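*Asks:* Can you keep this structure in mind? I'll have questions shortly.
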Amino acid sequence: MDKELVKVEQEVNELTQKLNSLKKEIGKIIIGQEETVDQLLITFLAGGHALLEGVPGLAKTLMIRTLAQAIDLEFKRIQFTPDLMPSDIIGTEILEEDHSTGKKFFKFNKGPIFANIVLADEINRTPPKTQAALLEAMQEFEVTYSGNTYKLDRPFFILATQNPIEQSGTFPLPEAQQDRFLFYIKIGYPEANEETNILKKTTGVRKETLQKVISGEDILRLQHLVREVPISDDLIEFVSNVVRATRPETTTNSYVKEWVNWGAGPRAGQAMILTAKARALLHGRLSVVLDDLKQVAIPVLRHRVIVNFKAEAEGITSDEVTNEIIKASMSSLKK
């Protein structure tokens with residue numbers, strides 16, 4: 001066997017073991033929610049950001065905090081409120097004095113965005129002006145203040161949460177900002193046995209201690225490996241067909257034409273491929289299979305396929321549209 005291939009396989013095995021250890025550490029605190037945890041890890045491996053939505057009490061914030069505690073990276077939490085200002089996120093200049101010369105100068109005081117993992121808690125409770133302060137950081141991994149550009153340390157992740165109820169006093173994220181999120185993850189209620197275990201574990205005196213089992217350097221190595229995971233031309237074409245089928249002005253799919261207002265752009269295809277590669281690596285495989293693409297399609301397209309007013313009135317969601325597109329694309333793939 002080729003020495004280089006053996007080396008790659010050893011590195012993959014080593015990093016996969018660390019990922020498994022990370023999942024075990026998270027499992028000490030978070031009971032169930034395996035799919036959500038996997039989707040968060042896929043987001044990390046693909047080097048993107050995630051938006052989590054769920055009703056209060058489903059451990060969205062706890063899940064992100066637990067994940068951050070098990071990774072040896074700097075973590076900051078920003079509580080988004082209506083009076084939050086962009087400078088509260090990015091930072092601000094403060095006037096200081098050089099005691100040796102007596103001269104005064106402005107020094108940039110970095111805000112909480114300068115961390116590796118940033119929890120944007122209840123992101124839809126702050127006005128668009130403040131929400132927009134995240135755009136440059138999410139896309140360019142840098143921030144600009146007073147004409148100066150400051151690089152953010154890598155790896156860098158924004159994990160945002162929002163509440164689907166209590167919509168009064170909230171500011172829905174613009175489509176352009178939603179598109180910056182690699183995954184839009186919806187968290188559901190736990191299963192009956194999981195809820196029983198949650199009640200047992202969280203109402204006693206025992207507290208679990210988390211270990212840091214993976215480093216920032218490991219995450220960067222994994223992100224590099226993800227991009228090297230091969231995907232066949234047939235599957236790339238499948239992704240292209242799925243994304244193009246979401247656009248009502250060009251698709252032949254009557255379901256999409258009836259229910260969709262705006263379809264997904266090329267960034268959706270990039271996200272599908274990258275997250276499918278990450279999912280393959282998370283499951284210890286060195287190539288993408290069709291099931292990887294099917295599993296990542298909904299969290300990738302959920303916020304990129306915008307249904308029309310008629311669909312909203314009938315209760316048709318973007319998830320249902322995506323499922324119909326996947327079914328149609330599967331049929332054409334088999335042919």
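So you can find residues: chains in the structure tokens are A, B, ... in the order shown, residues in each start at 1, and ligands are numbered from 1 in order.
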Please produce, as a tab-separated table, a per-residue contact table for stretch 270-305 of chain A versus stretch 38-44 of chain A (criterion: any atom at most 10 Å away, only C-alpha atoms considered), showing the nearest atom pair and its distance in Å to one decimal, sorted by chain then residue number.
*Replies:*
```
residue	atom	partner	partner_atom	distance
A:Ala271	CA	A:Thr43	CA	9.8
A:Leu274	CA	A:Ile42	CA	9.0
A:Thr275	CA	A:Ile42	CA	6.1
A:Ala276	CA	A:Ile42	CA	8.4
A:Lys277	CA	A:Ile42	CA	8.8
A:Ala278	CA	A:Ile42	CA	5.4
A:Arg279	CA	A:Ile42	CA	5.9
A:Ala280	CA	A:Ile42	CA	9.3
A:Leu281	CA	A:Ile42	CA	9.0
A:Leu282	CA	A:Ile42	CA	7.3
A:His283	CA	A:Asp38	CA	9.8
A:Gln295	CA	A:Gln39	CA	9.7
A:Val296	CA	A:Gln39	CA	8.3
A:Pro299	CA	A:Gln39	CA	8.5
```
*Asks:* What are the closest atom pairs, with distances in Å to one decimal, for all residues of stretch 91-198 of chain A lying within 12 Å of stretch 62-67 of chain A? Consider only C-alpha atoms, order rows by chain and residue number, and present the result as a Markdown table.
*Replies:*
```
| residue | atom | partner | partner_atom | distance |
| --- | --- | --- | --- | --- |
| A:Ile117 | CA | A:Ile64 | CA | 9.0 |
| A:Val118 | CA | A:Ile64 | CA | 9.3 |
| A:Leu119 | CA | A:Ile64 | CA | 7.2 |
| A:Ala120 | CA | A:Ile64 | CA | 10.2 |
| A:Asp121 | CA | A:Ile64 | CA | 10.0 |
| A:Phe157 | CA | A:Ile64 | CA | 11.0 |
| A:Ile158 | CA | A:Ile64 | CA | 10.2 |
| A:Leu159 | CA | A:Ile64 | CA | 7.4 |
| A:Ala160 | CA | A:Ile64 | CA | 9.2 |
| A:Thr161 | CA | A:Ile64 | CA | 9.5 |
| A:Ile187 | CA | A:Met63 | CA | 11.0 |
```
*Asks:* As an exercise, work out the distance from atom CA of A:Phe108 to atom CA of A:Phe181 in Å and give it to one decimal place.
*Replies:*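 Going from atom CA of A:Phe108 over to atom CA of A:Phe181 covers 27.8 Å.
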*Asks:* Would you list, as a count of residues only, the residues of stretch 69-261 of chain A that end up in strand (DSSP E) under DSSP run on this structure's backbone?
*Replies:* 48
*Asks:* Taking the chain letters and numbering used in this document, name the residues of stretch 33-156 of chain A that DSSP puts in alpha helix (DSSP H), as a ChimeraX atom specification.
*Replies:* /A:34-46,60-69,86-90,128-131,135-140
*Asks:* Leaving out A:Ile29 and any residue of its chain fewer than 4 positions from it, which residues lie within 10 Å of it when counting only C-alpha atoms, given as a list of chain:residue names?
*Replies:*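 Here the qualifying residues turn out to be A:Lys24, A:Glu25, A:Ala59, A:Leu62, A:Met63, A:Thr66, A:Leu67, A:Ile198, A:Lys201, A:Thr202, A:Lys207, A:Glu208, A:Thr209, A:Leu210.
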*Asks:* Please produce a file of those selected residues containing C-alpha atoms, as an mmCIF file, in the first residue's frame.
*Replies:*
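And here is the file that came out, selection.cif:
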```
data_model
loop_
_atom_site.group_PDB
_atom_site.id
_atom_site.type_symbol
_atom_site.label_atom_id
_atom_site.label_comp_id
_atom_site.auth_asym_id
_atom_site.auth_seq_id
_atom_site.Cartn_x
_atom_site.Cartn_y
_atom_site.Cartn_z
ATOM 1 C CA LYS A 24 -19.020 11.085 24.389
ATOM 2 C CA GLU A 25 -18.134 14.216 26.370
ATOM 3 C CA ALA A 59 -31.019 22.965 25.653
ATOM 4 C CA LEU A 62 -26.508 24.368 26.887
ATOM 5 C CA MET A 63 -25.634 22.219 23.872
ATOM 6 C CA THR A 66 -21.130 21.994 26.321
ATOM 7 C CA LEU A 67 -19.580 21.620 22.882
ATOM 8 C CA ILE A 198 -33.097 14.138 31.408
ATOM 9 C CA LYS A 201 -29.882 13.463 35.547
ATOM 10 C CA THR A 202 -30.771 17.118 36.002
ATOM 11 C CA LYS A 207 -22.551 17.205 38.206
ATOM 12 C CA GLU A 208 -20.584 15.895 35.255
ATOM 13 C CA THR A 209 -17.074 17.206 34.620
ATOM 14 C CA LEU A 210 -16.125 17.736 30.986
#
```
*Asks:* I'd like the interatomic distance between atom CA of A:Gly269 and atom CA of A:Val243, to a tenth of an Å.
*Replies:* 6.2 Å
*Asks:* For A:Gln223, which residue among A:Gln17, A:Phe238, A:Arg154, A:Arg206 is the nearest when counting only C-alpha atoms?
*Replies:*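 Closest to A:Gln223, using only C-alpha atoms: A:Arg154.
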*Asks:* If we count only C-alpha atoms and set the cut-off at 12 Å, which residues sit around stretch 75-81 of chain A, ignoring sequence neighbours fewer than 2 positions away in its own chain? Please answer as a ChimeraX atom specification.
*Replies:* /A:61-62,64-73,83-86,88-90,111-128,130-131,134,153,155-162,169-171,216
*Asks:* So, with only C-alpha atoms as the atoms that count, which of A:Leu225, A:Ala133, A:Leu220, A:Val305 lies closest to A:Glu175?
*Replies:*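 The answer is A:Val305, which sits nearest to A:Glu175.
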*Asks:* With a cut-off of 12 Å, could you pull out the residues of stretch 177-199 of chain A touching stretch 316-331 of chain A and give me the nearest pair of atoms for each, distance in Å to one decimal, using only C-alpha atoms, ordered by chain and ascending number, as CSV?
*Replies:*
```
residue,atom,partner,partner_atom,distance
A:Tyr184,CA,A:Asp319,CA,11.0
A:Ile185,CA,A:Asp319,CA,11.5
A:Lys186,CA,A:Asp319,CA,10.9
```
*Asks:* Give the answer as one residue: which of A:Glu97, A:Gly188, A:Tyr150, A:Val143 has the shortest atom-to-atom distance to A:Gly57, using only C-alpha atoms?
*Replies:* A:Gly188
*Asks:* Rank A:Glu9, A:Lys23, A:His49, A:Val242 by their smallest atom-to-atom distance to A:Val37, using only C-alpha atoms, and report the top residue only.
*Replies:* A:Lys23
*Asks:* Pick from A:Lys310, A:His99, A:Lys110, A:Arg227: nearest to A:Trp259, with only C-alpha atoms counted?
*Replies:*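 Between A:Lys310, A:His99, A:Lys110, A:Arg227, the residue approaching A:Trp259 most closely is A:Lys310.
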